[in-house]
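Remarks on the structure that follows.
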Amino acid sequence: MSDKKKTISAPYYSIGQLRLATWRDLKRESANLANSKKGSKAEQEHIETLKDFLKDIGTIEQYFVYPGKIRLERLSQALTKEEYVSLAHNITEINRQLVSDEYLNHPTSSPAEESEHSGSDDMRELSSGQKKNYFEVLFVEDLPAKEEVALQEKLNEIREPNEQFTYDFLVQPSFQDALIALLFNPNLQAAVIRYAPPYASTNISELLKPYIQNVLKIDLENIPEYDLGPLLGEFVRQFRPELDTYYVTDTSLTDLKDSTLRQFSRIYYRKEDLQELHLGIVRGVRERFETPFFSALKEYSQKPTGIFHAMPISRGNSVFKSRWIKDFGEFYGRNMFLAETSSTTGGLDSLLQPTGTLKKAQEMAAETYGSQRTFFVTNGTSTANKIVLQAIIEPGDLVLIDRDCHKSHHYGMVLAGAYPVYLDSYPIEEYSMYGAVPLKSIKEKLIQLREAGRLDKVKMLLLTNCTFDGLVYNVQKVMQEILAIKPDMIFLWDEAWFAFAGFTYTYKQRTAMFSAKKLFHKYRSESYRKDYKNHIKQLSKGQEPSLPDPDKVCIRVYATQSTHKTLSSFRQGSMIHIWDEDFRKKSENTFLEAYMTHTSTSPNYQMLASLDVGRRQVEFEGFEMVEKSIEMAMVLRAKVTNNPQLNKYFDVLTVKDFIPDQYRETGLGEYYSPSTGWNRMEAAWEKDEFMLDPTKITLFIGRTGVDGDTFKNKYLMDQFNIQINKTSRNTVLFMTNIGTTRGSVAYLTNALLKISEQLDEQFRSLNSRESEISQKRIHSLIKEVPPLPDFSYFHSSFRAVPNVPGGNIREAYFMAYNEDNYEYISLGDCKKAMAEGRDLVASSFVIPYPPGFPVLVPGQVVSEEIINFMLALDVSEIHGYRADLGLRIFRDSVLNRQKTATALGAMGMAISKRKN
């Protein structure tokens, strides 16, 4: 079945794009109508087109407060009354408000209020000059138009002029309409569900269907209406968990289910005054708006103090009084230095043993990110990874780990004394990069260890989700099938590049914390117990179960996230999120010890404050900002794909370029195609073994004749000051994030156009010999790619158990501290030595950039494939390798000595086992 048949295409990627495009069409057509000749054929055509556009925009705008029903009705009336100039003016103004988001600065319930308040103080301004924070509240009830107006009037009556927060109601008549509003409207911060809303919407048009797949697949037609209110509360938690939810009912307290009581922030009865509901809504938003540590730090910075502790820079005294570094203080501003202190009192707190504002900030972060516990880390995710590994892993434990993960994990293996069992990702050789580790490979390795009697020593599975290039695992499927083999497996998901994913439903399904919570509750349900029993009955002899035993399974999941990489935080601001049902019982003490081992006693307070404020931001804007960052990525993909000047030299790599067919159950091969438009990705994100994060845009540049590193430095950076993180031999990686703007995408597109024009000029000016050389270079970049080597194996001297996966990387690492134990050999001599039967064993990590992960680790046997890969590399930065000296390997005498010691150790273990 083709990709097109398996997915639903749409002319625009998101409802936001469709909405703005329709308003732009309205603006254009209304201007044409205003300028057309009275009574002409063109005038009539513009009128008919405008009618269609107004119908379309009415279908969309029912899920937004602004511009609202009254303004839309006035536009239709202006068209009917032939007031074409006024119509064009009003449409232009609405366009301006929507594109600039300016309407959020002047929230009003109706056009009448706009005229009433024109010339007066801005409605969002407090008397002190502080701006109000505007949001919208979803109100679910099938209200007649008059009652909806009355609701807004009552709300206006109870508002206080100096409130910090102000909002408007968005009334939706049905269950389906409420869900659509949740997906479409990012301004919603609370939901009020009235008793028994009807299920079906009468407003769903063909125009909307591609954008509401998550709603259309929900079938609740046969559910009694009185159950729909509480059920809608559950779906609010699913799609927009940051929202406060309120239930208004007339069901007696004794008849309310416990699940309903737990589901909502508060339950109100119809007889209770609207003011109580209003106060509850405002209080809920105020509580989420709180930033305990940042607020305490601001307050502390304004206190007059005498400084008699360490840090002369505190209060800026050593800076602003200086004649020589005063410019440093002026650059950063006085507040930066007023907030510098080593104090842990006065409203502040200790990161190593928090009891006050930091403790509260971390608890709020845990709630936001869906974890049981969250810890702030001020020296990056590299350290966060080492903390988790040292906390969980004991010397001699086996850890299944993807070989091409971040180097911090490999060094963590050394620190913890773990025996890594390396897992190979599938190669994407055409683009000199690796994909991800297939679930089948992980299971095979586990079964191999089980057959060798080593399953009890396996402690952790460590995978990168998502990878630098954007490969994302089906986290729930991986954990479920691994727990079926080893029900107490601990998972560490490195989500350094995926911290943003928890704030939009499609992505969230593949995050560690969401998956851990979901599986935890799933395995404790009676329905799962029945499913498990049926599953076991249906297994044929010797077949592995794919469901874990509910009586044995234990959910223990850790995630490390680089908040600073994809959300708002100062550099090195990271978090550790934990969902571990045995944390208190088994891991808390060791975790806190590891945390203290790696965490500075003088953490940066500005960084901690940024983590606190970043949490507030994703509470209120995460959904909107993440959706927009995805939209920007999709826009860039389409721009490059559609432009003939750009696609002459550049290709945006698609899902099928990164993920082989066997891992794409739904068949989704690309997000965008010029022939079919946008393909919806919801089903693929739910079902496929791997997915591609669209915010990671990999551009294939082979046809430019320029390698990735040169393209990055000579073209992007030197000419346009465009910074990127990653290149491969023939690709460059661009990433969008919550800070990416339309202007940024336009600037990058323009830069690529200029580069392509430069390339045109360069190729035109080549003589025949130069052209021949250029074509060879292009051919080399496209076709002559070096084969990517798999992990070879640990030398027998460094294996935990002979002929069983798992190597003693720690011992190999520290043996190289003695320079008598190693020697250097050039890459050219390596092949000759191997042909003579010599084992070459690495004594150090060898990490080329790119690809940025070890091709060799201490104790690993050097293979011919690895040497060929290193010889073919055209990168200048290879950590652990010196071109002038060669590859650092262990001496043969050391290997023989070590081999004997390992054999004696294994013999001793065997004798001990027999005695026991």
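Identifiers for the structure tokens are assigned positionally: chains receive A, B, ... in sequence, residues are indexed from 1 per chain, and ligands are indexed from 1 in the order shown.
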Please, which residues of segment 192-325 of chain A, numbered as in this document, come out strand (DSSP E or B) from DSSP, as a ChimeraX atom specification?
-> /A:192-194,244-249,266-269
Can you pull out every residue within 8 Å of segment 493-502 of chain A, counting only C-alpha atoms, but drop anything in the same chain fewer than 5 positions away, and send it as number ranges by chain?
-> A: 369, 381, 385, 462-468, 507-508, 511-512, 514, 557-563, 565-567, 622, 626
Those residues with N, CA, C and O atoms, as a CSV table (one decimal), in the first residue's frame please?
```csv
chain,number,residue,atom,x,y,z
A,369,TYR,N,6.4,17.7,34.4
A,369,TYR,CA,7.0,16.8,33.5
A,369,TYR,C,6.4,15.4,33.7
A,369,TYR,O,6.9,14.4,32.9
A,381,THR,N,23.6,17.5,31.1
A,381,THR,CA,23.1,16.1,31.0
A,381,THR,C,24.2,15.1,31.0
A,381,THR,O,24.0,13.9,31.4
A,385,ASN,N,23.6,12.0,33.4
A,385,ASN,CA,23.8,10.6,33.1
A,385,ASN,C,24.7,9.8,34.0
A,385,ASN,O,24.4,8.7,34.5
A,462,LEU,N,19.9,1.0,28.5
A,462,LEU,CA,20.1,2.5,28.3
A,462,LEU,C,20.1,2.8,26.8
A,462,LEU,O,20.8,2.3,26.0
A,463,LEU,N,19.1,3.7,26.4
A,463,LEU,CA,18.9,4.0,25.0
A,463,LEU,C,18.8,5.6,24.9
A,463,LEU,O,18.3,6.2,25.9
A,464,THR,N,19.1,6.1,23.7
A,464,THR,CA,19.0,7.5,23.5
A,464,THR,C,17.7,7.8,22.7
A,464,THR,O,17.5,7.2,21.7
A,465,ASN,N,16.9,8.6,23.3
A,465,ASN,CA,15.5,8.9,22.8
A,465,ASN,C,15.2,10.4,23.0
A,465,ASN,O,15.0,10.8,24.1
A,466,CYS,N,15.3,11.2,21.9
A,466,CYS,CA,15.6,10.8,20.6
A,466,CYS,C,17.1,11.0,20.3
A,466,CYS,O,17.7,11.7,21.0
A,467,THR,N,17.5,10.4,19.2
A,467,THR,CA,18.9,10.6,18.8
A,467,THR,C,19.2,12.0,18.3
A,467,THR,O,18.2,12.7,18.0
A,468,PHE,N,20.4,12.3,18.2
A,468,PHE,CA,20.8,13.6,17.6
A,468,PHE,C,20.2,13.9,16.3
A,468,PHE,O,19.7,15.0,16.0
A,507,TYR,N,3.8,13.7,20.4
A,507,TYR,CA,5.1,13.4,20.9
A,507,TYR,C,5.2,12.7,22.2
A,507,TYR,O,6.0,11.8,22.5
A,508,LYS,N,4.3,13.2,23.1
A,508,LYS,CA,4.3,12.8,24.5
A,508,LYS,C,4.2,11.2,24.7
A,508,LYS,O,4.8,10.7,25.6
A,511,THR,N,7.6,9.5,25.3
A,511,THR,CA,8.5,10.0,26.3
A,511,THR,C,8.5,9.0,27.4
A,511,THR,O,7.6,8.2,27.7
A,512,ALA,N,9.6,9.0,28.2
A,512,ALA,CA,9.8,8.0,29.3
A,512,ALA,C,8.8,8.2,30.4
A,512,ALA,O,8.3,7.2,30.8
A,514,PHE,N,5.8,9.7,30.6
A,514,PHE,CA,4.4,9.4,30.2
A,514,PHE,C,4.2,7.9,30.0
A,514,PHE,O,3.2,7.3,30.5
A,557,VAL,N,11.9,3.6,35.8
A,557,VAL,CA,12.3,4.4,34.7
A,557,VAL,C,12.9,5.7,35.1
A,557,VAL,O,12.4,6.4,35.9
A,558,TYR,N,14.0,6.0,34.4
A,558,TYR,CA,14.8,7.3,34.6
A,558,TYR,C,14.9,8.0,33.3
A,558,TYR,O,15.1,7.3,32.2
A,559,ALA,N,14.8,9.3,33.3
A,559,ALA,CA,15.1,10.1,32.1
A,559,ALA,C,15.9,11.3,32.4
A,559,ALA,O,15.7,12.0,33.4
A,560,THR,N,16.9,11.5,31.6
A,560,THR,CA,17.8,12.7,31.7
A,560,THR,C,17.5,13.6,30.5
A,560,THR,O,17.4,13.2,29.4
A,561,GLN,N,17.3,14.9,30.8
A,561,GLN,CA,16.9,15.9,29.8
A,561,GLN,C,17.8,17.1,29.9
A,561,GLN,O,18.0,17.7,30.9
A,562,SER,N,18.2,17.6,28.7
A,562,SER,CA,18.9,18.8,28.6
A,562,SER,C,17.9,19.9,28.4
A,562,SER,O,17.5,20.2,27.2
A,563,THR,N,17.4,20.5,29.5
A,563,THR,CA,16.4,21.5,29.4
A,563,THR,C,16.9,22.7,28.5
A,563,THR,O,16.2,23.2,27.7
A,565,LYS,N,18.8,22.6,25.9
A,565,LYS,CA,18.9,22.3,24.5
A,565,LYS,C,17.6,22.6,23.7
A,565,LYS,O,17.6,23.1,22.6
A,566,THR,N,16.4,22.4,24.4
A,566,THR,CA,15.2,22.5,23.6
A,566,THR,C,14.1,23.3,24.3
A,566,THR,O,13.1,23.6,23.7
A,567,LEU,N,14.4,23.7,25.6
A,567,LEU,CA,13.4,24.6,26.3
A,567,LEU,C,14.2,25.8,26.9
A,567,LEU,O,15.4,25.9,26.6
A,622,GLY,N,3.9,25.8,26.7
A,622,GLY,CA,4.6,24.7,26.1
A,622,GLY,C,3.8,24.1,24.9
A,622,GLY,O,4.4,23.9,23.9
A,626,VAL,N,5.7,24.5,21.3
A,626,VAL,CA,6.2,23.2,20.7
A,626,VAL,C,5.5,23.0,19.4
A,626,VAL,O,6.1,22.6,18.4
```
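Nearest residue to Phe620 of chain A, choosing from A:Ala638, A:Phe53, A:Leu188, A:Val140 and counting only C-alpha atoms: A:Leu188.
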Contacts of segment 454-547 of chain A with segment 218-240 of chain A up to 9 Å, shortest pair per row, only C-alpha atoms, as a Markdown table:
```
| residue | atom | partner | partner_atom | distance |
| --- | --- | --- | --- | --- |
| A:Phe503 | CA | A:Arg240 | CA | 7.9 |
| A:Thr504 | CA | A:Phe239 | CA | 7.4 |
| A:Tyr505 | CA | A:Phe239 | CA | 5.4 |
| A:Thr506 | CA | A:Phe239 | CA | 8.8 |
```
With C-alpha atoms retained, write the just-selected residues as a short mmCIF file (atom, residue, chain, number, x, y, z; two decimals), in the first residue's frame.
```
data_model
loop_
_atom_site.label_atom_id
_atom_site.label_comp_id
_atom_site.auth_asym_id
_atom_site.auth_seq_id
_atom_site.Cartn_x
_atom_site.Cartn_y
_atom_site.Cartn_z
CA PHE A 503 4.02 19.18 25.83
CA THR A 504 2.18 17.99 22.75
CA TYR A 505 0.13 14.81 22.73
CA THR A 506 1.55 13.18 19.60
#
```
Assign secondary structure with DSSP using the backbone only, and return the residues of segment 494-582 of chain A in alpha helix (DSSP H) as a PyMOL selection string.
-> chain A and resi 505-508+512-523+526-538+563-566
Atoms kept (N, CA and C atoms) for selection, written as an mmCIF file, in the first residue's frame:
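Saved the output as out.cif:
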```cif
data_model
loop_
_atom_site.group_PDB
_atom_site.id
_atom_site.type_symbol
_atom_site.label_atom_id
_atom_site.label_comp_id
_atom_site.auth_asym_id
_atom_site.auth_seq_id
_atom_site.Cartn_x
_atom_site.Cartn_y
_atom_site.Cartn_z
ATOM 1 N N TYR A 505 0.581 16.179 22.505
ATOM 2 C CA TYR A 505 0.134 14.810 22.735
ATOM 3 C C TYR A 505 0.817 13.797 21.810
ATOM 4 N N THR A 506 0.965 14.130 20.545
ATOM 5 C CA THR A 506 1.545 13.182 19.596
ATOM 6 C C THR A 506 2.933 12.748 20.035
ATOM 7 N N TYR A 507 3.766 13.709 20.441
ATOM 8 C CA TYR A 507 5.127 13.400 20.864
ATOM 9 C C TYR A 507 5.162 12.728 22.229
ATOM 10 N N LYS A 508 4.288 13.182 23.110
ATOM 11 C CA LYS A 508 4.330 12.753 24.514
ATOM 12 C C LYS A 508 4.243 11.238 24.663
ATOM 13 N N ALA A 512 9.619 9.018 28.189
ATOM 14 C CA ALA A 512 9.847 8.040 29.258
ATOM 15 C C ALA A 512 8.829 8.171 30.381
ATOM 16 N N MET A 513 8.579 9.387 30.846
ATOM 17 C CA MET A 513 7.714 9.567 32.014
ATOM 18 C C MET A 513 6.257 9.247 31.689
ATOM 19 N N PHE A 514 5.767 9.695 30.552
ATOM 20 C CA PHE A 514 4.396 9.390 30.153
ATOM 21 C C PHE A 514 4.210 7.870 30.024
ATOM 22 N N SER A 515 5.175 7.221 29.394
ATOM 23 C CA SER A 515 5.087 5.775 29.179
ATOM 24 C C SER A 515 5.156 5.013 30.488
ATOM 25 N N ALA A 516 6.036 5.457 31.399
ATOM 26 C CA ALA A 516 6.166 4.765 32.688
ATOM 27 C C ALA A 516 4.860 4.830 33.467
ATOM 28 N N LYS A 517 4.277 6.012 33.528
ATOM 29 C CA LYS A 517 3.018 6.169 34.261
ATOM 30 C C LYS A 517 1.907 5.336 33.631
ATOM 31 N N LYS A 518 1.837 5.361 32.318
ATOM 32 C CA LYS A 518 0.782 4.625 31.618
ATOM 33 C C LYS A 518 0.916 3.119 31.857
ATOM 34 N N LEU A 519 2.147 2.602 31.733
ATOM 35 C CA LEU A 519 2.348 1.164 31.938
ATOM 36 C C LEU A 519 2.129 0.772 33.393
ATOM 37 N N PHE A 520 2.539 1.633 34.304
ATOM 38 C CA PHE A 520 2.336 1.350 35.731
ATOM 39 C C PHE A 520 0.863 1.083 36.024
ATOM 40 N N HIS A 521 -0.008 1.952 35.556
ATOM 41 C CA HIS A 521 -1.443 1.793 35.813
ATOM 42 C C HIS A 521 -2.040 0.659 34.973
ATOM 43 N N LYS A 522 -1.524 0.485 33.788
ATOM 44 C CA LYS A 522 -2.026 -0.578 32.918
ATOM 45 C C LYS A 522 -1.808 -1.952 33.543
ATOM 46 N N TYR A 523 -0.604 -2.205 34.052
ATOM 47 C CA TYR A 523 -0.275 -3.524 34.571
ATOM 48 C C TYR A 523 -0.976 -3.839 35.880
ATOM 49 N N GLU A 526 -7.360 -4.899 36.197
ATOM 50 C CA GLU A 526 -7.918 -6.244 36.016
ATOM 51 C C GLU A 526 -8.006 -6.610 34.543
ATOM 52 N N SER A 527 -8.269 -5.615 33.693
ATOM 53 C CA SER A 527 -8.367 -5.908 32.258
ATOM 54 C C SER A 527 -7.029 -6.412 31.713
ATOM 55 N N TYR A 528 -5.901 -5.830 32.208
ATOM 56 C CA TYR A 528 -4.602 -6.312 31.744
ATOM 57 C C TYR A 528 -4.341 -7.727 32.231
ATOM 58 N N ARG A 529 -4.723 -8.018 33.463
ATOM 59 C CA ARG A 529 -4.507 -9.363 34.005
ATOM 60 C C ARG A 529 -5.210 -10.410 33.133
ATOM 61 N N LYS A 530 -6.409 -10.066 32.673
ATOM 62 C CA LYS A 530 -7.131 -10.980 31.774
ATOM 63 C C LYS A 530 -6.412 -11.099 30.430
ATOM 64 N N ASP A 531 -5.943 -9.958 29.904
ATOM 65 C CA ASP A 531 -5.218 -9.972 28.631
ATOM 66 C C ASP A 531 -3.956 -10.826 28.734
ATOM 67 N N TYR A 532 -3.275 -10.725 29.865
ATOM 68 C CA TYR A 532 -2.031 -11.480 30.046
ATOM 69 C C TYR A 532 -2.321 -12.984 30.070
ATOM 70 N N LYS A 533 -3.343 -13.378 30.793
ATOM 71 C CA LYS A 533 -3.683 -14.806 30.865
ATOM 72 C C LYS A 533 -4.031 -15.358 29.487
ATOM 73 N N ASN A 534 -4.802 -14.593 28.719
ATOM 74 C CA ASN A 534 -5.149 -15.026 27.356
ATOM 75 C C ASN A 534 -3.917 -15.087 26.469
ATOM 76 N N HIS A 535 -3.026 -14.128 26.637
ATOM 77 C CA HIS A 535 -1.794 -14.092 25.850
ATOM 78 C C HIS A 535 -0.942 -15.335 26.118
ATOM 79 N N ILE A 536 -0.793 -15.695 27.382
ATOM 80 C CA ILE A 536 0.010 -16.871 27.735
ATOM 81 C C ILE A 536 -0.612 -18.151 27.178
ATOM 82 N N LYS A 537 -1.932 -18.239 27.226
ATOM 83 C CA LYS A 537 -2.624 -19.435 26.703
ATOM 84 C C LYS A 537 -2.386 -19.612 25.207
ATOM 85 N N GLN A 538 -2.290 -18.509 24.489
ATOM 86 C CA GLN A 538 -2.192 -18.565 23.029
ATOM 87 C C GLN A 538 -0.768 -18.779 22.527
ATOM 88 N N THR A 563 17.404 20.479 29.475
ATOM 89 C CA THR A 563 16.405 21.537 29.365
ATOM 90 C C THR A 563 16.920 22.665 28.488
ATOM 91 N N HIS A 564 18.201 22.967 28.608
ATOM 92 C CA HIS A 564 18.773 24.093 27.865
ATOM 93 C C HIS A 564 18.836 23.847 26.368
ATOM 94 N N LYS A 565 18.758 22.602 25.928
ATOM 95 C CA LYS A 565 18.861 22.318 24.490
ATOM 96 C C LYS A 565 17.572 22.612 23.739
ATOM 97 N N THR A 566 16.420 22.352 24.358
ATOM 98 C CA THR A 566 15.171 22.497 23.603
ATOM 99 C C THR A 566 14.115 23.338 24.318
#
```
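Contact shell of Pro11 of chain A at 8 Å (only C-alpha atoms; same-chain neighbours under 5 positions omitted): Leu18, Gly677 and Trp678 of chain A.
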File of the preceding selection, N, CA and C atoms, as a short mmCIF file (atom, residue, chain, number, x, y, z; two decimals), in the first residue's frame:
```
data_model
loop_
_atom_site.label_atom_id
_atom_site.label_comp_id
_atom_site.auth_asym_id
_atom_site.auth_seq_id
_atom_site.Cartn_x
_atom_site.Cartn_y
_atom_site.Cartn_z
N LEU A 18 -3.46 26.81 8.28
CA LEU A 18 -4.70 26.90 7.51
C LEU A 18 -5.49 28.14 7.89
N GLY A 677 1.03 16.85 -0.84
CA GLY A 677 0.87 17.77 0.27
C GLY A 677 1.34 17.14 1.58
N TRP A 678 0.68 17.53 2.68
CA TRP A 678 1.09 17.07 4.01
C TRP A 678 0.43 15.75 4.36
#
```
Ala42 of chain A surroundings by only C-alpha atoms, 9 Å radius, close-in-sequence under 5 positions cut, as a list in words = Asn32, Leu33, Ser36, Lys37 and Ile47 of chain A
Just how far from atom CA of Phe890 of chain A is atom CA of Pro854 of chain A, in Å to one decimal?
-> 17.5 Å
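Taking atom CA of Tyr824 of chain A as the reference point, atom CA of Leu887 of chain A is found at 5.3 Å.
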Neighbour list for Ile267 of chain A as number ranges by chain, cut-off 7 Å, only C-alpha atoms, skip fewer than 3 positions in-chain = A: 246-248, 264
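In this model, the gap between atom CA of Asn133 of chain A and atom CA of Leu183 of chain A comes to 21.4 Å.
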Leaving out Leu243 of chain A and any residue of its chain fewer than 5 positions from it, which residues lie within 7 Å of it when counting only C-alpha atoms, given as a ChimeraX atom specification?
-> /A:189-191
Generate the output file for the selected residues, C-alpha atoms, as a CSV table (one decimal), in the first residue's frame.
```csv
chain,number,residue,atom,x,y,z
A,189,GLN,CA,-5.5,27.3,30.5
A,190,ALA,CA,-8.6,25.8,32.2
A,191,ALA,CA,-11.6,23.7,31.3
```
Selection near Ile204 of chain A, 12 Å with only C-alpha atoms, sequence-local residues under 3 positions removed, as an MDAnalysis selection string | chainID A and resid 56 58:60 62:63 174 176:181 200:201 207:213 215:216
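Checking A:Ala21, A:Ala416, A:Val618, A:Leu277 one by one against Pro241 of chain A, counting only C-alpha atoms, you find the shortest gap at A:Val618.
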Give the answer as one residue: which of A:Ser343, A:Ala296, A:Lys457, A:Leu338 has the shortest atom-to-atom distance to Asp397 of chain A, using only C-alpha atoms?
-> A:Lys457
Distance table requested - segment 376-442 of chain A against segment 770-794 of chain A, cut-off 7 Å, only C-alpha atoms: one row per qualifying residue with the closest atom pair and its distance in Å to one decimal, ordered by chain and rising residue number, as a tab-separated table.
```
residue	atom	partner	partner_atom	distance
A:Asp424	CA	A:Asp790	CA	6.2
A:Pro427	CA	A:Leu788	CA	6.6
A:Glu429	CA	A:Pro787	CA	6.1
A:Glu430	CA	A:Val785	CA	6.3
A:Ser432	CA	A:Val785	CA	6.8
```
For all heavy atoms, I'd like the residues from the last selection saved as a CSV table (one decimal), in the first residue's frame.
```csv
chain,number,residue,atom,x,y,z
A,424,ASP,N,24.1,-2.6,18.7
A,424,ASP,CA,24.4,-1.9,17.5
A,424,ASP,C,23.1,-1.4,16.9
A,424,ASP,O,22.1,-2.1,16.7
A,424,ASP,CB,25.1,-2.8,16.5
A,424,ASP,CG,26.5,-3.1,16.9
A,424,ASP,OD1,27.2,-2.1,17.2
A,424,ASP,OD2,27.0,-4.2,16.9
A,427,PRO,N,22.7,0.7,10.5
A,427,PRO,CA,23.4,1.8,9.8
A,427,PRO,C,22.6,2.5,8.7
A,427,PRO,O,21.7,1.9,8.1
A,427,PRO,CB,24.6,1.1,9.2
A,427,PRO,CG,24.0,-0.3,8.9
A,427,PRO,CD,23.0,-0.6,10.0
A,429,GLU,N,24.2,4.1,6.0
A,429,GLU,CA,25.5,4.3,5.4
A,429,GLU,C,25.6,5.4,4.4
A,429,GLU,O,26.6,6.1,4.2
A,429,GLU,CB,26.1,3.0,4.8
A,429,GLU,CG,26.4,1.9,5.9
A,429,GLU,CD,27.1,0.7,5.4
A,429,GLU,OE1,27.1,0.5,4.2
A,429,GLU,OE2,27.6,-0.1,6.3
A,430,GLU,N,24.5,5.5,3.6
A,430,GLU,CA,24.5,6.5,2.5
A,430,GLU,C,24.7,7.9,3.0
A,430,GLU,O,25.3,8.8,2.3
A,430,GLU,CB,23.1,6.5,1.8
A,430,GLU,CG,23.1,7.3,0.6
A,430,GLU,CD,21.7,7.1,-0.2
A,430,GLU,OE1,20.9,6.3,0.2
A,430,GLU,OE2,21.5,7.9,-1.1
A,432,SER,N,26.3,8.4,6.2
A,432,SER,CA,27.3,8.3,7.3
A,432,SER,C,26.8,8.5,8.7
A,432,SER,O,27.3,9.3,9.5
A,432,SER,CB,28.4,9.3,7.0
A,432,SER,OG,29.0,9.0,5.7
```
Counting only C-alpha atoms, the residue of A:Asn203, A:Gln509, A:Asn868, A:Gln476 that sits nearest Val855 of chain A | A:Asn868
